[in-house]
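Peer 1: One file is attached below, model_24.tsv, containing TSV, C-alpha atoms.
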chain	number	residue	atom	x	y	z
G	661	MET	CA	-49.05	-67.85	29.76
G	662	MET	CA	-49.12	-69.45	33.21
G	663	ASN	CA	-45.46	-70.37	32.89
G	664	ARG	CA	-44.59	-66.76	32.07
G	665	LEU	CA	-46.53	-65.50	35.07
G	666	LYS	CA	-44.70	-68.01	37.23
G	667	VAL	CA	-41.35	-66.72	35.99
G	668	GLU	CA	-42.33	-63.09	36.62
G	669	LEU	CA	-43.55	-63.94	40.11
G	670	GLU	CA	-40.28	-65.69	40.81
G	671	LEU	CA	-38.37	-62.60	39.68
G	672	PHE	CA	-40.44	-60.50	42.06
G	673	TRP	CA	-39.71	-62.86	44.96
G	674	LEU	CA	-36.00	-62.66	44.16
G	675	ALA	CA	-36.14	-58.86	44.17
G	676	LEU	CA	-38.05	-58.85	47.45
G	677	GLY	CA	-35.67	-61.33	49.05
G	678	PHE	CA	-32.62	-59.35	47.98
G	679	PHE	CA	-33.84	-55.91	49.05
G	680	SER	CA	-35.81	-56.75	52.18
G	681	ARG	CA	-36.06	-59.02	55.19
G	682	ILE	CA	-39.61	-59.99	54.23
G	683	PRO	CA	-39.87	-63.81	54.00
G	684	VAL	CA	-40.02	-65.26	50.49
G	685	PRO	CA	-40.58	-68.86	49.27
G	686	ALA	CA	-37.60	-71.05	50.08
G	687	ASN	CA	-37.80	-73.13	46.89
G	688	LEU	CA	-37.00	-70.35	44.42
G	689	ASP	CA	-34.95	-71.30	41.36
G	690	PHE	CA	-32.08	-68.93	42.09
G	691	SER	CA	-29.51	-67.97	39.50
G	692	ALA	CA	-27.33	-64.92	38.87
G	693	LYS	CA	-29.19	-64.31	35.60
G	694	LYS	CA	-32.59	-64.29	37.29
G	695	LEU	CA	-31.34	-62.07	40.09
G	696	ASN	CA	-30.06	-59.75	37.39
G	697	GLN	CA	-33.48	-59.71	35.70
G	698	SER	CA	-35.27	-59.11	39.00
G	699	CYS	CA	-34.20	-55.45	38.85
G	700	ARG	CA	-37.41	-54.82	36.91
G	701	TYR	CA	-39.32	-55.30	40.17
G	702	PHE	CA	-37.14	-53.20	42.47
G	703	PRO	CA	-39.70	-50.34	42.36
G	704	VAL	CA	-42.42	-52.81	43.38
G	705	VAL	CA	-40.39	-53.60	46.47
G	706	GLY	CA	-40.50	-49.86	47.11
G	707	TRP	CA	-44.28	-49.91	46.77
G	708	LEU	CA	-44.50	-52.68	49.35
G	709	ILE	CA	-42.09	-51.02	51.80
G	710	GLY	CA	-43.79	-47.66	51.37
G	711	GLY	CA	-47.20	-49.24	51.87
G	712	CYS	CA	-46.11	-50.90	55.10
G	713	CYS	CA	-44.59	-47.66	56.39
G	714	SER	CA	-47.78	-45.81	55.50
G	715	ALA	CA	-49.93	-48.36	57.32
G	716	VAL	CA	-47.76	-48.18	60.44
G	717	TYR	CA	-47.92	-44.40	60.36
G	718	TYR	CA	-51.70	-44.42	60.03
G	719	PHE	CA	-52.28	-46.71	63.01
G	720	THR	CA	-49.67	-45.15	65.29
G	721	GLN	CA	-50.88	-41.60	64.69
G	722	LEU	CA	-54.26	-42.67	66.05
G	723	TYR	CA	-52.72	-43.09	69.50
G	724	PHE	CA	-49.52	-41.03	69.49
G	725	SER	CA	-48.26	-37.69	68.23
G	726	VAL	CA	-47.33	-37.10	64.60
G	727	GLU	CA	-43.64	-37.01	65.54
G	728	ILE	CA	-43.77	-40.44	67.16
G	729	ALA	CA	-45.80	-41.86	64.28
G	730	ILE	CA	-43.20	-40.61	61.78
G	731	LEU	CA	-40.42	-42.28	63.76
G	732	PHE	CA	-42.36	-45.55	63.83
G	733	ALA	CA	-42.86	-45.33	60.06
G	734	MET	CA	-39.16	-44.69	59.52
G	735	LEU	CA	-38.27	-47.56	61.85
G	736	THR	CA	-40.56	-49.85	59.87
G	737	GLY	CA	-38.69	-49.10	56.66
G	738	VAL	CA	-35.34	-49.77	58.31
G	739	LEU	CA	-36.52	-53.06	59.83
G	740	LEU	CA	-38.15	-54.31	56.63
G	741	THR	CA	-35.02	-53.69	54.58
G	742	GLY	CA	-32.51	-54.58	57.27
G	743	ALA	CA	-31.06	-51.07	56.86
G	744	PHE	CA	-29.90	-52.23	53.41
G	745	HIS	CA	-29.81	-48.77	51.83
G	746	GLU	CA	-28.73	-47.00	55.01
G	747	ASP	CA	-25.73	-49.32	55.19
G	748	GLY	CA	-24.82	-48.33	51.65
G	749	LEU	CA	-25.12	-44.68	52.61
G	750	MET	CA	-22.72	-45.09	55.54
G	751	ASP	CA	-20.18	-47.15	53.59
G	752	SER	CA	-20.28	-44.64	50.72
G	753	ALA	CA	-19.75	-41.71	53.08
G	754	ASP	CA	-16.79	-43.44	54.72
G	755	GLY	CA	-15.23	-44.38	51.39
G	756	LEU	CA	-15.76	-41.11	49.57
G	757	GLY	CA	-14.85	-39.05	52.61
G	758	GLY	CA	-11.90	-41.07	53.87
G	759	GLY	CA	-10.21	-42.27	50.69
G	760	TRP	CA	-7.84	-40.28	48.52
G	761	THR	CA	-7.54	-42.58	45.54
G	762	ARG	CA	-10.12	-44.67	43.70
G	763	GLU	CA	-8.67	-47.86	45.15
G	764	GLN	CA	-8.71	-46.49	48.70
G	765	LYS	CA	-12.33	-45.36	48.39
G	766	LEU	CA	-13.48	-48.74	47.11
G	767	ALA	CA	-11.52	-50.57	49.80
G	768	ILE	CA	-13.01	-48.43	52.59
G	769	MET	CA	-16.53	-48.96	51.22
G	770	LYS	CA	-16.00	-52.71	51.34
G	771	ASP	CA	-14.91	-52.53	55.01
G	772	SER	CA	-17.89	-53.43	57.23
G	773	ARG	CA	-16.76	-51.09	60.00
G	774	VAL	CA	-18.46	-47.70	60.29
G	775	GLY	CA	-16.28	-44.60	60.49
G	776	SER	CA	-16.89	-41.01	61.43
G	777	TYR	CA	-18.06	-39.98	57.96
G	778	GLY	CA	-20.62	-42.77	57.88
G	779	SER	CA	-21.89	-41.98	61.38
G	780	ILE	CA	-22.29	-38.30	60.59
G	781	ALA	CA	-23.95	-39.04	57.24
G	782	ILE	CA	-26.58	-41.42	58.65
G	783	TRP	CA	-27.39	-38.98	61.47
G	784	PHE	CA	-27.94	-36.12	59.06
G	785	VAL	CA	-29.95	-38.16	56.56
G	786	LEU	CA	-32.29	-39.71	59.14
G	787	THR	CA	-32.71	-36.38	60.93
G	788	LEU	CA	-33.41	-34.56	57.70
G	789	LYS	CA	-35.84	-37.28	56.62
G	790	PHE	CA	-37.74	-36.90	59.89
G	791	ALA	CA	-37.71	-33.09	59.67
G	792	LEU	CA	-38.95	-33.09	56.07
G	793	LEU	CA	-41.81	-35.47	56.79
G	794	LEU	CA	-42.78	-33.45	59.86
G	795	SER	CA	-42.64	-30.22	57.87
G	796	TYR	CA	-44.74	-31.79	55.13
G	797	SER	CA	-47.38	-32.81	57.66
G	798	ASN	CA	-47.41	-29.35	59.24
G	799	ILE	CA	-48.17	-27.51	56.01
G	800	SER	CA	-50.74	-30.03	54.79
G	801	VAL	CA	-54.45	-29.89	55.56
G	802	SER	CA	-54.57	-33.59	56.48
G	803	SER	CA	-51.35	-34.67	58.20
G	804	TYR	CA	-51.90	-38.43	58.10
G	805	ASN	CA	-52.97	-38.43	54.46
G	806	SER	CA	-49.98	-36.31	53.46
G	807	ILE	CA	-47.41	-38.48	55.23
G	808	MET	CA	-48.91	-41.67	53.86
G	809	LEU	CA	-48.88	-40.17	50.37
G	810	ALA	CA	-45.28	-38.99	50.72
G	811	LEU	CA	-44.12	-42.46	51.80
G	812	LEU	CA	-46.01	-44.16	48.97
G	813	ILE	CA	-44.42	-41.82	46.46
G	814	ALA	CA	-40.86	-41.65	47.78
G	815	HIS	CA	-40.09	-45.32	48.38
G	816	PRO	CA	-40.77	-46.67	44.88
G	817	LEU	CA	-39.52	-43.55	43.09
G	818	SER	CA	-36.21	-43.51	44.94
G	819	ARG	CA	-35.65	-47.17	44.15
G	820	THR	CA	-36.38	-46.41	40.52
G	821	VAL	CA	-33.59	-43.85	40.61
G	822	ALA	CA	-31.20	-46.49	41.95
G	823	THR	CA	-32.34	-48.92	39.26
G	824	VAL	CA	-31.71	-46.37	36.51
G	825	MET	CA	-28.19	-45.88	37.86
G	826	MET	CA	-27.55	-49.58	37.25
G	827	PHE	CA	-28.20	-49.10	33.55
G	828	ILE	CA	-26.26	-45.92	32.93
G	829	SER	CA	-23.13	-46.57	35.00
G	830	PRO	CA	-20.63	-49.45	34.94
G	831	TYR	CA	-20.14	-51.57	38.03
G	832	VAL	CA	-16.64	-50.94	39.34
G	833	ARG	CA	-16.10	-53.66	41.94
G	834	GLU	CA	-13.21	-55.83	40.75
G	835	THR	CA	-14.08	-58.84	42.90
G	836	ALA	CA	-16.78	-61.26	41.83
G	837	ASP	CA	-17.84	-62.25	45.35
G	838	THR	CA	-19.69	-59.05	46.19
G	839	LYS	CA	-23.38	-59.66	46.76
G	840	SER	CA	-24.53	-56.73	44.61
G	841	LYS	CA	-22.57	-57.55	41.47
G	842	SER	CA	-25.23	-59.71	39.84
G	843	VAL	CA	-27.96	-57.07	40.26
G	844	ALA	CA	-25.77	-54.08	39.48
G	845	GLU	CA	-25.20	-55.01	35.87
G	846	PRO	CA	-28.64	-55.41	34.21
G	847	LYS	CA	-28.32	-54.97	30.46
G	848	GLN	CA	-31.70	-55.88	29.03
G	849	ARG	CA	-33.65	-52.88	27.83
G	850	SER	CA	-36.93	-54.61	28.67
G	851	ASP	CA	-35.92	-54.70	32.33
G	852	LEU	CA	-35.38	-50.95	32.28
G	853	VAL	CA	-38.70	-50.27	30.55
G	854	ILE	CA	-40.65	-52.40	33.02
G	855	SER	CA	-38.91	-50.86	36.03
G	856	LEU	CA	-39.58	-47.34	34.74
G	857	ILE	CA	-43.27	-48.07	34.19
G	858	LEU	CA	-43.67	-49.58	37.65
G	859	GLY	CA	-41.46	-46.96	39.25
G	860	PHE	CA	-43.18	-43.94	37.72
G	861	LEU	CA	-46.66	-45.04	38.79
G	862	PRO	CA	-46.33	-42.98	42.02
G	863	LEU	CA	-46.36	-39.87	39.85
G	864	LEU	CA	-50.07	-40.53	39.30
G	865	LEU	CA	-50.59	-39.79	43.00
G	866	LEU	CA	-49.23	-36.27	42.55
G	867	ARG	CA	-51.14	-33.18	41.57
G	868	PRO	CA	-50.78	-32.80	37.76
G	869	GLU	CA	-48.78	-29.58	38.06
G	870	LEU	CA	-46.19	-31.31	40.26
G	871	ILE	CA	-45.41	-34.24	37.95
G	872	LEU	CA	-43.02	-32.41	35.61
G	873	PRO	CA	-41.10	-30.65	38.43
G	874	MET	CA	-40.66	-33.99	40.18
G	875	LEU	CA	-39.41	-35.67	37.01
G	876	PHE	CA	-37.09	-32.75	36.29
G	877	ALA	CA	-35.62	-32.85	39.80
G	878	LEU	CA	-35.00	-36.60	39.60
G	879	VAL	CA	-33.42	-36.40	36.13
G	880	VAL	CA	-31.09	-33.63	37.30
G	881	PHE	CA	-30.23	-35.71	40.37
G	882	VAL	CA	-29.41	-38.78	38.25
G	883	PHE	CA	-27.22	-36.71	35.95
G	884	CYS	CA	-25.34	-35.03	38.81
G	885	PHE	CA	-25.01	-38.21	40.87
G	886	ARG	CA	-23.66	-40.16	37.89
G	887	ARG	CA	-21.14	-37.45	37.14
G	888	PHE	CA	-20.07	-37.33	40.79
G	889	VAL	CA	-19.55	-41.09	41.26
G	890	HIS	CA	-17.78	-41.42	37.92
G	891	LYS	CA	-15.36	-38.72	39.01
G	892	GLN	CA	-14.85	-40.40	42.38
G	893	VAL	CA	-14.54	-44.10	41.50
G	894	GLY	CA	-15.39	-44.46	37.81
G	895	GLY	CA	-18.87	-45.96	38.20
G	896	ILE	CA	-21.24	-47.41	40.77
G	897	THR	CA	-21.16	-50.03	43.50
G	898	GLY	CA	-23.90	-51.55	45.62
G	899	ASP	CA	-23.07	-49.06	48.36
G	900	LEU	CA	-23.38	-46.12	45.98
G	901	LEU	CA	-26.76	-47.41	44.84
G	902	GLY	CA	-27.85	-47.28	48.48
G	903	LEU	CA	-26.56	-43.72	48.66
G	904	ALA	CA	-28.53	-42.83	45.52
G	905	GLN	CA	-31.73	-44.26	47.01
G	906	GLN	CA	-31.35	-42.39	50.29
G	907	LEU	CA	-30.49	-39.03	48.72
G	908	SER	CA	-33.21	-39.23	46.09
G	909	GLU	CA	-35.75	-40.08	48.80
G	910	LEU	CA	-34.80	-36.85	50.57
G	911	LEU	CA	-35.07	-34.96	47.28
G	912	ILE	CA	-38.57	-36.30	46.68
G	913	TYR	CA	-39.72	-35.07	50.10
G	914	MET	CA	-38.22	-31.65	49.35
G	915	VAL	CA	-40.04	-31.38	46.02
G	916	LEU	CA	-43.31	-32.41	47.69
G	917	ILE	CA	-42.90	-29.66	50.29
G	918	ILE	CA	-42.07	-27.03	47.69
G	919	GLY	CA	-45.04	-28.15	45.60
G	920	LEU	CA	-47.39	-27.94	48.57
G	921	GLN	CA	-46.26	-24.40	49.31
G	922	GLY	CA	-46.49	-23.31	45.69
Output the structure of this file as structure tokens.
Peer 2:
Amino acid sequence: MMNRLKVELELFWLALGFFSRIPVPANLDFSAKKLNQSCRYFPVVGWLIGGCCSAVYYFTQLYFSVEIAILFAMLTGVLLTGAFHEDGLMDSADGLGGGWTREQKLAIMKDSRVGSYGSIAIWFVLTLKFALLLSYSNISVSSYNSIMLALLIAHPLSRTVATVMMFISPYVRETADTKSKSVAEPKQRSDLVISLILGFLPLLLLRPELILPMLFALVVFVFCFRRFVHKQVGGITGDLLGLAQQLSELLIYMVLIIGLQG
């Protein structure tokens, strides 16, 4: 039993080390197989990031305006992840926007330089994220509670969406040296079940009447996103997973706002 707990804890540390800049134990028994299995804890990383963002928002709104507190919370998420998902968003926008063929799109995504499509995409996504959170706080009775709740819901749920994409779409990078390859091809059904359980826990924070609409919106998003990327490049890449996380996070905020107005 203790050995099993040790293995699961090690998988969590691997997930945290891969998806964040948060320090993890240096003596981890790393392997591609274990990194592959660590996908089951990707939503937990979202819980941790969302919790940190919520805490920063709570303390900063005590001394500054809501707008400034939201920006600090957003900055916290970017710093904790090293802009991991935002980088995927920009690379995906450059590749999908600038490439004509599948090969061109994948090659542009792999290029570390940021182009016009990526710059425009990150500006719109961050601006829309800020505007949605601000709008959510304005229509809520308690602004700090609502923002904290939104962050705690959106971060793990959006990472669950990205994890699901790993299971339902093939990884299309042809090179084996890409850093996301080992986590983009999880095949064990148990990993999916565990990640779904951990990732759907935020739904318990919602009002009961909002749970089904949220699930419906996310399922539709997964279906549409999968169809889109398959048409574009034939599957997913690490960059496209970052794009899925960022877009689904925006969608979650939108559903929360619509639910609050309903």
Peer 1: Could you pull the residues within 6 Å of stretch 827-832 of chain G, counting only C-alpha atoms, minus those fewer than 3 positions along the same chain, as a count of residues only?
Peer 2: 4
Peer 1: Using all atoms listed in the file, which protein or nucleic acid residues come within 12 Å of G:Ile728? Drop anything in the same chain fewer than 3 positions from it, and give the result as a PyMOL selection string.
Peer 2: chain G and resi 716-725+731-735+790+793-794
Peer 1: Extract, using only C-alpha atoms, all DNA, RNA and protein residues at most 7 Å from stretch 737-753 of chain G, discarding same-chain residues fewer than 5 positions from it, and format them as a list of chain:residue names.
Peer 2: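 Result of the neighbour search: G:Phe679, G:Ser680, G:Arg681, G:Ile682, G:Ile709, G:Cys713, G:Met769, G:Val774, G:Tyr777, G:Gly778, G:Ser779, G:Ala781, G:Ile782, G:Gly898, G:Asp899, G:Leu900, G:Gly902, G:Leu903, G:Gln905, G:Gln906.
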Peer 1: Could you check how far atom CA of G:Val915 sits from atom CA of G:Ile780, in Å to one decimal?
Peer 2: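 The value is 24.0 Å.
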Peer 1: What is the atom CA of G:Leu756 to atom CA of G:Ile768 distance in Å?
Peer 2: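 These two atoms are separated by 8.4 Å.
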Peer 1: Would you mind reading off the distance between atom CA of G:Leu878 and atom CA of G:Tyr913, one decimal, in Å?
Peer 2: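 We find that atom CA of G:Leu878 and atom CA of G:Tyr913 lie 11.6 Å from each other.
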Peer 1: Could you list, with a cut-off of 12 Å and counting all atoms listed in the file, the residues of stretch 679-726 of chain G near stretch 669-674 of chain G, each shown with its nearest atom pair and the distance in Å rounded to one decimal, rows sorted by chain and ascending number, as JSON lines?
Peer 2:
{"residue": "G:Phe679", "atom": "CA", "partner": "G:Leu674", "partner_atom": "CA", "distance": 8.6}
{"residue": "G:Ser680", "atom": "CA", "partner": "G:Leu674", "partner_atom": "CA", "distance": 10.0}
{"residue": "G:Arg681", "atom": "CA", "partner": "G:Trp673", "partner_atom": "CA", "distance": 11.5}
{"residue": "G:Ile682", "atom": "CA", "partner": "G:Trp673", "partner_atom": "CA", "distance": 9.7}
{"residue": "G:Pro683", "atom": "CA", "partner": "G:Trp673", "partner_atom": "CA", "distance": 9.1}
{"residue": "G:Val684", "atom": "CA", "partner": "G:Trp673", "partner_atom": "CA", "distance": 6.0}
{"residue": "G:Pro685", "atom": "CA", "partner": "G:Trp673", "partner_atom": "CA", "distance": 7.4}
{"residue": "G:Ala686", "atom": "CA", "partner": "G:Trp673", "partner_atom": "CA", "distance": 9.9}
{"residue": "G:Asn687", "atom": "CA", "partner": "G:Glu670", "partner_atom": "CA", "distance": 9.9}
{"residue": "G:Leu688", "atom": "CA", "partner": "G:Glu670", "partner_atom": "CA", "distance": 6.7}
{"residue": "G:Asp689", "atom": "CA", "partner": "G:Glu670", "partner_atom": "CA", "distance": 7.8}
{"residue": "G:Phe690", "atom": "CA", "partner": "G:Leu674", "partner_atom": "CA", "distance": 7.7}
{"residue": "G:Ser691", "atom": "CA", "partner": "G:Leu674", "partner_atom": "CA", "distance": 9.6}
{"residue": "G:Ala692", "atom": "CA", "partner": "G:Leu674", "partner_atom": "CA", "distance": 10.4}
{"residue": "G:Lys693", "atom": "CA", "partner": "G:Leu671", "partner_atom": "CA", "distance": 10.2}
{"residue": "G:Lys694", "atom": "CA", "partner": "G:Leu671", "partner_atom": "CA", "distance": 6.5}
{"residue": "G:Leu695", "atom": "CA", "partner": "G:Leu674", "partner_atom": "CA", "distance": 6.2}
{"residue": "G:Asn696", "atom": "CA", "partner": "G:Leu671", "partner_atom": "CA", "distance": 9.1}
{"residue": "G:Gln697", "atom": "CA", "partner": "G:Leu671", "partner_atom": "CA", "distance": 6.9}
{"residue": "G:Ser698", "atom": "CA", "partner": "G:Leu671", "partner_atom": "CA", "distance": 4.7}
{"residue": "G:Cys699", "atom": "CA", "partner": "G:Leu671", "partner_atom": "CA", "distance": 8.3}
{"residue": "G:Arg700", "atom": "CA", "partner": "G:Phe672", "partner_atom": "CA", "distance": 8.2}
{"residue": "G:Tyr701", "atom": "CA", "partner": "G:Phe672", "partner_atom": "CA", "distance": 5.6}
{"residue": "G:Phe702", "atom": "CA", "partner": "G:Phe672", "partner_atom": "CA", "distance": 8.0}
{"residue": "G:Pro703", "atom": "CA", "partner": "G:Phe672", "partner_atom": "CA", "distance": 10.2}
{"residue": "G:Val704", "atom": "CA", "partner": "G:Phe672", "partner_atom": "CA", "distance": 8.0}
{"residue": "G:Val705", "atom": "CA", "partner": "G:Phe672", "partner_atom": "CA", "distance": 8.2}
{"residue": "G:Gly706", "atom": "CA", "partner": "G:Phe672", "partner_atom": "CA", "distance": 11.8}
{"residue": "G:Leu708", "atom": "CA", "partner": "G:Phe672", "partner_atom": "CA", "distance": 11.4}
Peer 1: Between G:Trp783, G:Phe888, G:Phe678, G:Phe860, single out the one closest to G:Ile813, counting only C-alpha atoms.
Peer 2: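 Closest to G:Ile813, using only C-alpha atoms: G:Phe860.
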Peer 1: Could you check the closest approach to G:Leu792 for each of G:Leu863, G:Leu911, G:Ile871, G:Ala822 and tell me which residue wins, using all atoms listed in the file?
Peer 2: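 Checking each candidate against G:Leu792, we get G:Leu911 as the closest.
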Peer 1: Kindly list the centre and edge lengths in Å, rounded to one decimal, for the axis-aligned box that covers all listed atoms of stretch 875-888 of chain G plus 8 Å on each of its six sides, as lines of an AutoDock Vina configuration file.
Peer 2:
center_x = -29.7
center_y = -36.5
center_z = 38.4
size_x = 35.3
size_y = 23.4
size_z = 20.9
Peer 1: When you write stretch 779-793 of chain G out from the block above, keep N, CA, C and O atoms and present the result as a compact mmCIF listing (two decimals), in the first residue's frame, please.
Peer 2:
# COMPACT_ATOMS: atom_id res chain seq x y z
N SER G 779 0.99 36.63 -31.97
CA SER G 779 0.91 37.86 -31.18
C SER G 779 -0.53 38.34 -31.05
O SER G 779 -0.98 38.73 -29.97
N ILE G 780 -1.25 38.30 -32.16
CA ILE G 780 -2.65 38.73 -32.13
C ILE G 780 -3.48 37.79 -31.27
O ILE G 780 -4.33 38.22 -30.48
N ALA G 781 -3.22 36.48 -31.40
CA ALA G 781 -4.00 35.50 -30.65
C ALA G 781 -3.81 35.65 -29.15
O ALA G 781 -4.79 35.63 -28.38
N ILE G 782 -2.57 35.81 -28.69
CA ILE G 782 -2.33 35.92 -27.25
C ILE G 782 -2.92 37.21 -26.71
O ILE G 782 -3.44 37.25 -25.57
N TRP G 783 -2.89 38.29 -27.50
CA TRP G 783 -3.49 39.55 -27.05
C TRP G 783 -4.98 39.39 -26.86
O TRP G 783 -5.53 39.79 -25.83
N PHE G 784 -5.65 38.78 -27.83
CA PHE G 784 -7.08 38.62 -27.74
C PHE G 784 -7.47 37.68 -26.60
O PHE G 784 -8.42 37.95 -25.85
N VAL G 785 -6.75 36.59 -26.44
CA VAL G 785 -7.11 35.62 -25.41
C VAL G 785 -6.92 36.20 -24.01
O VAL G 785 -7.79 36.08 -23.15
N LEU G 786 -5.79 36.85 -23.76
CA LEU G 786 -5.55 37.44 -22.44
C LEU G 786 -6.52 38.59 -22.17
O LEU G 786 -7.02 38.73 -21.04
N THR G 787 -6.79 39.39 -23.19
CA THR G 787 -7.74 40.49 -23.01
C THR G 787 -9.14 39.97 -22.74
O THR G 787 -9.84 40.48 -21.85
N LEU G 788 -9.54 38.96 -23.49
CA LEU G 788 -10.87 38.39 -23.29
C LEU G 788 -10.97 37.70 -21.93
O LEU G 788 -12.01 37.78 -21.25
N LYS G 789 -9.89 37.06 -21.51
CA LYS G 789 -9.88 36.41 -20.19
C LYS G 789 -10.07 37.46 -19.08
O LYS G 789 -10.87 37.26 -18.16
N PHE G 790 -9.35 38.56 -19.20
CA PHE G 790 -9.49 39.64 -18.23
C PHE G 790 -10.91 40.22 -18.25
O PHE G 790 -11.53 40.43 -17.20
N ALA G 791 -11.44 40.46 -19.45
CA ALA G 791 -12.78 41.05 -19.57
C ALA G 791 -13.86 40.12 -19.02
O ALA G 791 -14.81 40.58 -18.38
N LEU G 792 -13.72 38.83 -19.26
CA LEU G 792 -14.71 37.87 -18.76
C LEU G 792 -14.69 37.80 -17.24
O LEU G 792 -15.74 37.77 -16.59
N LEU G 793 -13.50 37.74 -16.67
CA LEU G 793 -13.40 37.70 -15.20
C LEU G 793 -13.94 38.98 -14.57
O LEU G 793 -14.64 38.93 -13.55
